[in-house]
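Undergrad: Sharing a structure here in structure tokens format.
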Amino acid sequence: MKKFKYSEITSEKIYNNRRKFIKTLSVGFGSICFSNYSNANIDLSKITSFKDITTYNNYYEFGTGKSDPYIKSQNFKTKPWSIRIEGEVEKPLEISVEEILSLFSSEERILKLRCVEGWSMIIPWNGFSLSQIISKVSLTSKAKFVEFESIYDPNQMSGQRYPVLNWPYKEGLRIDEAMHPLTTVVTGLYNKKLPNQNGAPLRIFMPWKYGFKSAKAIVKIKFVEKIPTSSWMWASPREYGFYSNVNPNVNHPRWSQATERAIGNDIFAPRIKTEMFNGYGDQVAHLYSGMDLKKYY
Ligand SMILES: Nc1nc2c(c(=O)[nH]1)N[C@H]1C(S)=C(S)[C@@H](COP(=O)(O)O)O[C@H]1N2
Ligand SMILES: [Mo]
């Protein structure tokens, strides 16, 4: 199967689709700029369907079933919405989603998601690098990590009425990981507004880490000095570490991570090999040079 570097193609399918989609963009979505973005080698014929991306989800705030987020999130209120940027910054600030969308232009980023459970999707996201936001706030010298916090609203999110996780959902990155251009603030997918079940109005996405690192519906970005404890580390530290880089050589204590199932392929299709850093090693391996990735899982 021929693989394309995304930067090599703007042609055919994608380009035509862009033209089609650009007409369907909703007002207020903000400016979209279709610049090329250098992704890992992705076979564009394998892009997961809109239907699969939006009906097979993990979003425990709406329940633990794969179709719960699609079924139960449709009335979730994403307006008005603002995000607080606080902690080790010179001036904490609260910024609305509208303002974020007008300040930063989204581009199409076709990136692969690998869930720790052993399935994957190739998703045509729209978004921009988190580094663009970070470079607008002055960090103090103590800012070594960043913590993301998702919304806490048990009235709207029935899953939060149960102690499946310690709500609100929290995740974190080291500052250099957060500054990496592949760390994306997601504003949409398939050139449409981000569906609620995928984390509207804004979520984070890092393609080289297991999917659970990419927190949905964030309300807070906090810069901190000490390594934060994510919700999953809290729930099961032996199974979920802080780094959670996709790594076929480090198994989950209860299952192998060597292979994965591409969602959408027929269920009899053979599982595919999981790649180190989910295939993004060329771009991110340097962040971990000298680190024992079995120890820092
Ligand atoms: N707030 C929040 N973010 C979350 C989750 C969640 O339960 N709550 N699930 C994570 C997991 S396990 C995965 S695999 C991805 C799934 O993203 P998707 O549904 O957009 O494919 O979201 C991640 N972000
Ligand atoms: Mo996941």
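Following the order of the structure tokens, first chain is A, next is B, and so on, with residues numbered from 1 inside each chain and ligands from 1 in the order they appear.
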May I have the residues within 12 Å of ligand 2, computed using only C-alpha atoms and all ligand atoms, as an NGL selection string?

TA: :A and (56-60 or 64 or 66 or 113-121 or 205 or 207 or 209-216 or 232 or 240 or 244 or 246)

Undergrad: Extract, using only C-alpha atoms, all DNA, RNA and protein residues at most 9 Å from Asn166 in chain A, discarding same-chain residues fewer than 4 positions from it, and format them as a list of chain:residue names.

TA: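 My list of contacting residues is A:Gln160, A:Lys170, A:Ser231, A:Trp232, A:Trp234, A:Ala235.
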
Undergrad: Of the candidates A:Pro124, A:Pro168, A:Pro163, A:Pro80, which one gets nearest to ligand 1 if we count only C-alpha atoms and all ligand atoms?

TA: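 The shortest atom-to-atom distance to ligand 1 comes from A:Pro168.
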
Undergrad: Could you give me, as a list in words, the residues within 9 Å of range 279-283 of chain A, counting only C-alpha atoms and dropping anything in the same chain fewer than 2 positions from it?

TA: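 Once the adjacent positions are removed, what remains is Asn39, Ala40, Asn41, Lys112, His180, Leu182, Pro207, Trp208, Val246, Thr274, Glu275, Met276, Phe277, Ala285, His286 and Leu287 of chain A.
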
Undergrad: Pull N, CA, C and O atoms from the residues just selected and write them as a compact mmCIF listing (two decimals), in the first residue's frame.

TA:
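Once everything was written out, this is part_2.txt:
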```
# COMPACT_ATOMS: atom_id res chain seq x y z
N ASN A 39 2.55 15.69 8.48
CA ASN A 39 2.12 14.61 9.37
C ASN A 39 3.01 13.40 9.20
O ASN A 39 3.84 13.36 8.32
N ALA A 40 2.80 12.41 10.01
CA ALA A 40 3.48 11.14 9.80
C ALA A 40 2.95 10.56 8.49
O ALA A 40 2.01 11.08 7.90
N ASN A 41 3.55 9.52 8.03
CA ASN A 41 3.08 8.90 6.79
C ASN A 41 1.69 8.36 7.01
O ASN A 41 1.48 7.49 7.82
N LYS A 112 -3.38 10.58 13.54
CA LYS A 112 -3.86 9.28 13.98
C LYS A 112 -4.06 9.26 15.49
O LYS A 112 -3.22 9.76 16.24
N HIS A 180 5.39 21.43 21.57
CA HIS A 180 5.64 20.75 20.30
C HIS A 180 4.54 21.08 19.29
O HIS A 180 3.35 21.07 19.65
N LEU A 182 3.04 19.49 17.12
CA LEU A 182 1.98 18.49 16.94
C LEU A 182 0.94 18.52 18.06
O LEU A 182 -0.12 17.91 17.93
N PRO A 207 -0.96 13.31 18.89
CA PRO A 207 -1.08 12.04 18.15
C PRO A 207 -0.10 10.95 18.60
O PRO A 207 -0.34 9.79 18.30
N TRP A 208 0.98 11.31 19.29
CA TRP A 208 1.96 10.28 19.65
C TRP A 208 1.71 9.66 21.02
O TRP A 208 2.43 8.79 21.46
N VAL A 246 2.64 6.29 22.96
CA VAL A 246 2.31 5.02 22.30
C VAL A 246 3.61 4.24 22.14
O VAL A 246 4.58 4.74 21.58
N THR A 274 1.30 -1.78 15.87
CA THR A 274 1.38 -0.46 16.50
C THR A 274 2.81 0.05 16.34
O THR A 274 3.77 -0.69 16.50
N GLU A 275 2.93 1.32 15.96
CA GLU A 275 4.24 1.91 15.76
C GLU A 275 4.67 2.74 16.98
O GLU A 275 3.83 3.34 17.66
N MET A 276 5.98 2.75 17.21
CA MET A 276 6.54 3.58 18.27
C MET A 276 6.06 5.03 18.08
O MET A 276 6.08 5.54 16.95
N PHE A 277 5.66 5.65 19.14
CA PHE A 277 5.13 7.03 19.10
C PHE A 277 4.01 7.15 18.06
O PHE A 277 3.83 8.21 17.45
N ALA A 285 10.62 11.87 18.95
CA ALA A 285 11.52 11.01 19.72
C ALA A 285 12.57 11.82 20.49
O ALA A 285 12.94 11.47 21.61
N HIS A 286 13.00 12.93 19.91
CA HIS A 286 14.04 13.74 20.57
C HIS A 286 13.60 14.27 21.94
O HIS A 286 14.45 14.56 22.79
N LEU A 287 12.30 14.35 22.15
CA LEU A 287 11.82 14.85 23.45
C LEU A 287 12.16 13.87 24.58
O LEU A 287 12.14 14.25 25.75
```

Undergrad: So, with only C-alpha atoms as the atoms that count, which of A:Leu103, A:Met179, A:Val89, A:Leu165 lies closest to Ala143 in chain A?

TA: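 Among the listed residues, A:Val89 lies closest to Ala143 in chain A.
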
Undergrad: DSSP on the backbone: which residues in range 82-147 of chain A end up as helix (DSSP H, G or I)? Give the answer as number ranges by chain.

TA: A: 97-103, 130-134

Undergrad: Take the selection from the previous step and output its residues with all heavy atoms, as an mmCIF file, in the first residue's frame.

TA:
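Contents of out.cif, freshly written:
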```cif
data_model
loop_
_atom_site.group_PDB
_atom_site.id
_atom_site.type_symbol
_atom_site.label_atom_id
_atom_site.label_comp_id
_atom_site.auth_asym_id
_atom_site.auth_seq_id
_atom_site.Cartn_x
_atom_site.Cartn_y
_atom_site.Cartn_z
ATOM 1 N N VAL A 97 -14.046 31.201 23.812
ATOM 2 C CA VAL A 97 -13.760 30.377 22.641
ATOM 3 C C VAL A 97 -13.819 31.221 21.365
ATOM 4 O O VAL A 97 -12.982 31.087 20.472
ATOM 5 C CB VAL A 97 -14.731 29.180 22.561
ATOM 6 C CG1 VAL A 97 -14.645 28.490 21.205
ATOM 7 C CG2 VAL A 97 -14.420 28.187 23.666
ATOM 8 N N GLU A 98 -14.800 32.143 21.306
ATOM 9 C CA GLU A 98 -14.903 33.012 20.129
ATOM 10 C C GLU A 98 -13.602 33.773 19.907
ATOM 11 O O GLU A 98 -13.117 33.902 18.788
ATOM 12 C CB GLU A 98 -16.036 34.040 20.293
ATOM 13 C CG GLU A 98 -17.428 33.477 20.100
ATOM 14 C CD GLU A 98 -17.992 32.854 21.380
ATOM 15 O OE1 GLU A 98 -17.266 32.816 22.404
ATOM 16 O OE2 GLU A 98 -19.143 32.390 21.340
ATOM 17 N N GLU A 99 -13.061 34.268 21.024
ATOM 18 C CA GLU A 99 -11.831 35.039 20.920
ATOM 19 C C GLU A 99 -10.677 34.148 20.450
ATOM 20 O O GLU A 99 -9.861 34.546 19.612
ATOM 21 C CB GLU A 99 -11.508 35.623 22.300
ATOM 22 C CG GLU A 99 -10.969 37.017 22.254
ATOM 23 C CD GLU A 99 -10.830 37.586 23.664
ATOM 24 O OE1 GLU A 99 -11.654 37.236 24.539
ATOM 25 O OE2 GLU A 99 -9.879 38.339 23.888
ATOM 26 N N ILE A 100 -10.620 32.947 20.987
ATOM 27 C CA ILE A 100 -9.568 32.013 20.577
ATOM 28 C C ILE A 100 -9.679 31.730 19.081
ATOM 29 O O ILE A 100 -8.696 31.769 18.348
ATOM 30 C CB ILE A 100 -9.643 30.698 21.400
ATOM 31 C CG1 ILE A 100 -9.218 30.980 22.847
ATOM 32 C CG2 ILE A 100 -8.770 29.612 20.779
ATOM 33 C CD1 ILE A 100 -9.340 29.804 23.789
ATOM 34 N N LEU A 101 -10.920 31.497 18.615
ATOM 35 C CA LEU A 101 -11.106 31.184 17.201
ATOM 36 C C LEU A 101 -10.758 32.364 16.301
ATOM 37 O O LEU A 101 -10.344 32.181 15.161
ATOM 38 C CB LEU A 101 -12.552 30.737 16.929
ATOM 39 C CG LEU A 101 -12.982 29.411 17.559
ATOM 40 C CD1 LEU A 101 -14.428 29.101 17.213
ATOM 41 C CD2 LEU A 101 -12.075 28.262 17.135
ATOM 42 N N SER A 102 -10.928 33.582 16.823
ATOM 43 C CA SER A 102 -10.597 34.720 15.977
ATOM 44 C C SER A 102 -9.105 35.047 16.024
ATOM 45 O O SER A 102 -8.552 35.612 15.089
ATOM 46 C CB SER A 102 -11.435 35.945 16.349
ATOM 47 O OG SER A 102 -11.024 36.443 17.594
ATOM 48 N N LEU A 103 -8.442 34.671 17.109
ATOM 49 C CA LEU A 103 -7.010 34.959 17.224
ATOM 50 C C LEU A 103 -6.137 33.956 16.483
ATOM 51 O O LEU A 103 -5.075 34.294 15.975
ATOM 52 C CB LEU A 103 -6.580 34.958 18.701
ATOM 53 C CG LEU A 103 -6.888 36.196 19.519
ATOM 54 C CD1 LEU A 103 -6.555 35.952 20.988
ATOM 55 C CD2 LEU A 103 -6.082 37.389 19.005
ATOM 56 N N LEU A 130 -0.941 24.301 20.120
ATOM 57 C CA LEU A 130 -1.110 24.900 21.450
ATOM 58 C C LEU A 130 0.004 25.919 21.727
ATOM 59 O O LEU A 130 -0.204 26.901 22.436
ATOM 60 C CB LEU A 130 -1.082 23.794 22.516
ATOM 61 C CG LEU A 130 -1.149 24.251 23.967
ATOM 62 C CD1 LEU A 130 -2.489 24.912 24.284
ATOM 63 C CD2 LEU A 130 -0.885 23.090 24.926
ATOM 64 N N SER A 131 1.176 25.707 21.140
ATOM 65 C CA SER A 131 2.306 26.627 21.356
ATOM 66 C C SER A 131 1.926 28.062 20.996
ATOM 67 O O SER A 131 2.466 29.006 21.568
ATOM 68 C CB SER A 131 3.512 26.186 20.531
ATOM 69 O OG SER A 131 3.226 26.283 19.156
ATOM 70 N N GLN A 132 0.995 28.216 20.049
ATOM 71 C CA GLN A 132 0.575 29.583 19.673
ATOM 72 C C GLN A 132 -0.094 30.299 20.837
ATOM 73 O O GLN A 132 0.091 31.502 21.016
ATOM 74 C CB GLN A 132 -0.400 29.531 18.499
ATOM 75 C CG GLN A 132 0.245 29.107 17.198
ATOM 76 C CD GLN A 132 -0.679 29.405 16.020
ATOM 77 O OE1 GLN A 132 -1.139 30.521 15.844
ATOM 78 N NE2 GLN A 132 -0.960 28.392 15.227
ATOM 79 N N ILE A 133 -0.876 29.566 21.620
ATOM 80 C CA ILE A 133 -1.492 30.176 22.804
ATOM 81 C C ILE A 133 -0.426 30.408 23.857
ATOM 82 O O ILE A 133 -0.344 31.489 24.449
ATOM 83 C CB ILE A 133 -2.620 29.286 23.390
ATOM 84 C CG1 ILE A 133 -3.797 29.168 22.411
ATOM 85 C CG2 ILE A 133 -3.104 29.846 24.733
ATOM 86 C CD1 ILE A 133 -5.009 28.406 22.968
ATOM 87 N N ILE A 134 0.408 29.391 24.076
ATOM 88 C CA ILE A 134 1.410 29.487 25.149
ATOM 89 C C ILE A 134 2.347 30.672 24.910
ATOM 90 O O ILE A 134 2.727 31.382 25.842
ATOM 91 C CB ILE A 134 2.204 28.169 25.285
ATOM 92 C CG1 ILE A 134 1.242 27.023 25.660
ATOM 93 C CG2 ILE A 134 3.314 28.301 26.346
ATOM 94 C CD1 ILE A 134 1.908 25.667 25.811
#
```

Undergrad: Which residues are near Glu94 in chain A? Cut-off 12 Å, only C-alpha atoms, ignore same chain within fewer than 2 positions. Put them as a list in words.

TA: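 The contact residues come out as Trp81, Ser82, Ile83, Arg84, Ile85, Glu86, Lys91, Pro92, Ser96, Val97, Glu98, Glu99, Ile100, Val137, Val219, Lys220, Ile221 and Lys222 of chain A.
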
Undergrad: Which is closer to ligand 1 than all the others in A:Asn196, A:Asn278, A:Asn245, A:Ser289, using only C-alpha atoms and all ligand atoms?

TA: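 Between A:Asn196, A:Asn278, A:Asn245, A:Ser289, the residue approaching ligand 1 most closely is A:Asn196.
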